[in-house]
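*Asks:* My structure is below; once you've seen it, I'll send some questions.
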Amino acid sequence: MLTFETPNLPATLWDSAIARVSAKVPGIKIKKLVTPNVDRTTYAKQLASSGQLPDIMMAVNPQGFAEGGQLAEFTPDELKDYAYPTSGAINGKVYQLPTNAQPQSLLYYNKDDFAKAKISKVPATWAEFLDACAKLKAAGITPIAVGGGGQDTFASVYSWVGVLGTDVFMRDPGFDKEIRSGAKNFTDPAFVKATEKIAQLAKLGYLDKEGTSRSYADHEKAFRAGSAAMYPMGSWFATSADNDKPPFEVGVFAWPSDDGKAVVPNLTGGGISVSAKAENVGLAKKFALEWTKDKETSDAFTKADGTFNTVAGYKPPADMGPLFKETLAIYEKAVQDGTVTPAFSIEQGDNGLPAEFTTAINQIAVELLNGTSDAATVAKKLNDEYAALQ
Amino acid sequence: MTSRLAVARPVLAIALTALFFFPIYIVVTGMLKPADEIQSSPLGLPAPLTGENLGAVFGREDGLYWSSLLNSVQITVLSVLLLTLSSAMLAHYLVRSKARWTKPAMLMLLSGLMIPPAVILQPVTQVLDAVGLMNTLPGVVLSNVAYYLPFGVFVFAGFIGTVPVDIEEAASLDGASRLRMFWQVVFPTLRPAAASVMIFLGVWVWNDFLSPLVILGPESGTTVTVGVYRSVGEYSTNFGTLYAFSFLASLPVLLFFVALQKQFVAGLTAGSVK
Amino acid sequence: MPGSPRHHPLQGGRLRRAREFSGFALPGLFLYGVLVLVPIVWTIVLGFTDQTRFDPQTSWVGLKQFGRLFQDEQFWLVLRNTFVVTLIVVIVPNVLGLAIALLLNRESLLYRLLRSVFFTPVILSGIVVSVIWQSLLRPDGVLNAILVDLGVDSAPRWLSDPGLALYSISGILCWQMLGFCVVVYLAGLNSVPKELYEAALMDGAGRLRRFRSVTWPMIAASVTINTVMLLISGFKVYEHILVLTNGGPGRNATASIAFDVIEKGVRGDRIGFSAAEATIMLAIIVAITGVVLRLLQRREVHL
């Protein structure tokens, strides 16, 4: 079984979950393999190229593997307990359990900083957001933290994911699909306009450019140390802050949109995939399904990584921290209002972009944050790179 | 004039060396400091000393340091032994043989000195996979032997060229088998070359990153170099522990260097002054 | 050389020769063939196909991958990065290394100690060196803390400024390779016969003159070794980039050709495309090393 370790998900968490779930699946023997960094999809590819694909893999983007016949498909019957059983499907078939929903980009903020800058109410519209940033900057506070340094280029993308959620995916949830079919490309006006918003933030000096050389953990540490007032990040930061409180109060709000709708870019997936060449596919699948059903394991991951389990009937533990509850409330409201959108570059399967495109997107995002490329250049680069992939 | 220089030289030399040494100073003192002091006084000497960073690496629950150390030692020792033997014999054969094909063969080998690993890595994994050696220790060792063979041959060949053939002739006239003659008579005369081959390849193999990362794979664990890479993600804000892991990963090579300093330099010199 | 043993009439014979070959040369040549030569040919062949990781259908596409490569802006960027790094890495440690070798060219415990210090980074792995420097060059790292103390207003963004990151990485490589050059030059300097200096002194040659007409020609072999060694290490730089910037900041801002080949072929899906790039990489390094070696060695002979 292939796992990955992060500051939120240490070895002990995996070990105890594996021991617990294995006990429920007689006859299975699990050997834990740890990826050398968070990028487990790339690592799984490297293993696949030498025929060493692990039997069970945690949260690996199934794209490519699935089309190449390397993964076992989950049947509708096996998926009947999941709230979004077709999430992340590839050619209509599901190869990764849609175990949990995880908002990918929200704005966590330092309440002390907001108070200092005399911002009385969290911004709901883009105009209010710019106004808040201006006030923060005037008060000598860097408005927005950004990341993406070292090996962790992925952490550069969250602001972009936010504005693309409000401006592109809200109106057109199938945008990625249209890119793939060739119906649209990245010079699409809505895409460029949304991208321009980030370029504008960079130009106005609202982004902490230094962050683009911070590793992911360093990025979080810097925000905790007060480097900037807002921290665009997924819901996993909520539990991280609940488990280890920063020296200031943290609040959260959804990305502000032009019309004030609270939009939440989200990924439902994150579960286990099973290799089609596993020694005993049935047993491996059983393990995968048990993993999600095991209340204790789900609780442990919910607490550690801020995920919302989507298996029918699951309730997060009552003692979850305040920031998690606040985040969950925003997500649940967005579900009601129909303002949950796919997350750009993170969404998988038929509704997402090719997995191999992710690195290019993340690197180009850094140019946007650094202010070295404007929206038009970025759009053109994305088009060129996308064409090069074909 | 000369006296002014006599004072200036050591002062300048020490100043430059201190500047150069600065990063290593930060690492060595940093790993002996508690976390908050690395941030608050990075330059200061560690006082009081703490062993908690080193302890954290030694005492990791998954035993990453110890298991990767064992892998590194096995891979390095086996690779270097096999390399020394095979390259000494091959070099001897190529230098001494008068067959016409040995010249181009030598040239082909020496051009291998400049092949970047990135160029051949993908097919190497395919070859190893085909013979079932992918994700195994012997797979890494064999790919090391093949990749570094040109360096060994280069050093040995240069050296063999300077050893007179008389003793070999005398021995072979006695009817000793050529293999025995090689080990009993020739190889002892190649010791200086063998020392530099072993030292250099030992360091290179120990420090290798890409081939253990890709070839060894997760099941057989990692080498220390890959271990450091892995711990970057985990410890990336805990520099004391990261420094400690880096230091411990390099420690065997550093000790080796301190013990064999003369040979290190001699090995380099042998190649460069001819 | 007077007849090597195998040419002694008593020792001839096909069988014996075959046995010697299989005992001495075969194991090494076989491994080298299977794990170096075959992979090289394989890579070149793959460059003419459209192989991808998961698509079992592979077909010949002739020069198409090369054509796409030459039209790909990113390829030229990556190539440019590689040349910048290689050029810096060939020049800086070479020049500094010689200067420091001249400075340390004294026999005493002090100088021996200082030499060892310079040599230490040479025996560290690229990963360890990168980890060290990453911690120093962080926005809130030691180096910027010192610069701020010295009164620098806005400390450089070493690894996040796209105009600077490539030079930061080159600088780190120089730091690592410097000791190698120092030691090789010291060995070269030691091999210069003292009489030559004495003769030059008698002729009334000044310091500079003595360096130009005695030292410089006599260390020609050291220059060759260092230059070729630096050339090869600069050209294949990979792990420093991986750890320090992962190819960023910005699209391929610091990616080298080795980095790009691994990224596309070993860690990505486009095996054919990456093989074409690897083939070009191979051609470039062979050509450059060949030319440089020839030039430098001709100089050695001439002098």
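Ordering of the structure tokens sets the chain letters (A, B, ...); residue numbers start at 1 within each chain; ligands are numbered from 1 in the order shown.
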Mind running chain C against chain A at 7 Å and telling me each contacting residue's nearest atom pair with the distance in Å (one decimal), counting only C-alpha atoms, chain and number ascending, as CSV?

*Replies:*
residue,atom,partner,partner_atom,distance
C:Arg53,CA,A:Ser49,CA,6.9
C:Phe54,CA,A:Gly68,CA,4.6
C:Asp55,CA,A:Gly68,CA,6.0
C:Arg138,CA,A:Arg214,CA,6.9
C:Pro139,CA,A:Glu210,CA,6.1
C:Arg157,CA,A:Glu210,CA,6.4
C:Leu159,CA,A:Ser213,CA,5.6
C:Ser160,CA,A:Ser213,CA,4.7
C:Leu242,CA,A:Gln151,CA,6.5
C:Val243,CA,A:Gly150,CA,5.7
C:Leu244,CA,A:Gly150,CA,4.9
C:Thr245,CA,A:Gly150,CA,4.5
C:Asn246,CA,A:Gln151,CA,5.0
C:Gly248,CA,A:Gln363,CA,6.0
C:Pro249,CA,A:Val366,CA,5.9
C:Gly250,CA,A:Glu367,CA,4.5
C:Arg251,CA,A:Gln363,CA,4.6
C:Val266,CA,A:Gln46,CA,6.0
C:Arg267,CA,A:Gln46,CA,5.3
C:Gly268,CA,A:Glu356,CA,6.5

*Asks:* Counting only C-alpha atoms, what is within 7 Å of range 65-79 of chain C, bar same-chain residues fewer than 2 positions away, as a CSV table (one decimal) with C-alpha atoms, in the first residue's frame?

*Replies:*
chain,number,residue,atom,x,y,z
C,47,GLY,CA,13.3,9.3,-29.7
C,48,PHE,CA,11.9,8.2,-33.0
C,63,LEU,CA,11.9,13.0,-36.8
C,81,ASN,CA,19.4,27.5,-18.5
C,82,THR,CA,21.7,24.5,-18.9
C,83,PHE,CA,24.2,26.6,-20.8
C,252,ASN,CA,11.0,26.1,-16.1
C,255,ALA,CA,14.9,23.7,-15.1
C,256,SER,CA,18.0,22.1,-16.8
C,257,ILE,CA,17.9,19.7,-19.7
C,273,PHE,CA,9.5,13.0,-26.4
C,276,ALA,CA,14.4,12.7,-28.2

*Asks:* Identify all residues of range 49-171 of chain B in alpha helix (DSSP H) (DSSP on the backbone) and supply them as a PyMOL selection string.

*Replies:* chain B and resi 52-58+64-96+102-111+117-130+137-160+166-171

*Asks:* Any idea which chain C residues end up within 7 Å of chain B if we count only C-alpha atoms, as a PyMOL selection string please?

*Replies:* chain C and resi 4-5+24-25+27-28+31-32+35-36+39-40+42-43+103-104+114+117+123-125+127-128+132+142+183-184+187-188+221-222+225+232+236+258+261-262+266+278+282

*Asks:* Using only C-alpha atoms, find each residue in chain A having at least one atom no more than 8 Å away from chain B; report its shortest atom-to-atom pair and that distance in Å (one decimal), rows by chain then rising number, as a Markdown table.

*Replies:*
| residue | atom | partner | partner_atom | distance |
| --- | --- | --- | --- | --- |
| A:Glu5 | CA | B:Glu234 | CA | 7.3 |
| A:Thr6 | CA | B:Glu234 | CA | 6.1 |
| A:Pro7 | CA | B:Glu234 | CA | 6.2 |
| A:Ala11 | CA | B:Asp62 | CA | 7.6 |
| A:Leu33 | CA | B:Pro218 | CA | 5.7 |
| A:Val34 | CA | B:Pro218 | CA | 6.7 |
| A:Thr35 | CA | B:Pro218 | CA | 7.3 |
| A:Pro36 | CA | B:Arg230 | CA | 4.7 |
| A:Asn37 | CA | B:Arg230 | CA | 6.0 |
| A:Val38 | CA | B:Gly233 | CA | 7.6 |
| A:Gln46 | CA | B:Val214 | CA | 7.2 |
| A:Leu47 | CA | B:Gly217 | CA | 7.3 |
| A:Ser50 | CA | B:Asp129 | CA | 6.0 |
| A:Gly51 | CA | B:Asp129 | CA | 7.5 |
| A:Ser215 | CA | B:Ser236 | CA | 7.0 |
| A:Ala217 | CA | B:Ser236 | CA | 6.1 |
| A:Asp218 | CA | B:Thr237 | CA | 5.5 |
| A:Lys221 | CA | B:Thr237 | CA | 7.4 |

*Asks:* So which residues touch Val311 in chain A within 7 Å, counting only C-alpha atoms, skipping near sequence neighbours fewer than 2 positions away, as a list of chain:residue names?

*Replies:*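 Residues meeting the cut-off are A:Asp81, A:Tyr82, A:Ala83, A:Thr99, A:Asn309, A:Gly313, A:Tyr314.
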
*Asks:* CA of Leu201 in chain B and CA of Phe156 in chain B, how far apart in Å?

*Replies:* 13.0 Å

*Asks:* For range 85-101 of chain C, please output as number ranges by chain all residues within 9 Å (counting only C-alpha atoms; exclusion window: fewer than 4 positions along the same chain).

*Replies:* B: 13, 16; C: 80-81, 105, 115, 166-167, 169-171, 173-186, 189, 223, 226-237, 256

*Asks:* From the list C:Ser116, C:Gln134, C:Asn144, C:Ser213, which residue is nearest Ala259 in chain B when using only C-alpha atoms?

*Replies:*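 The answer is C:Ser116, which sits nearest to Ala259 in chain B.
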
*Asks:* Could you tell me how far CA of Val214 in chain C sits from CA of Val11 in chain B, in Å to one decimal place?

*Replies:*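 The value is 26.6 Å.
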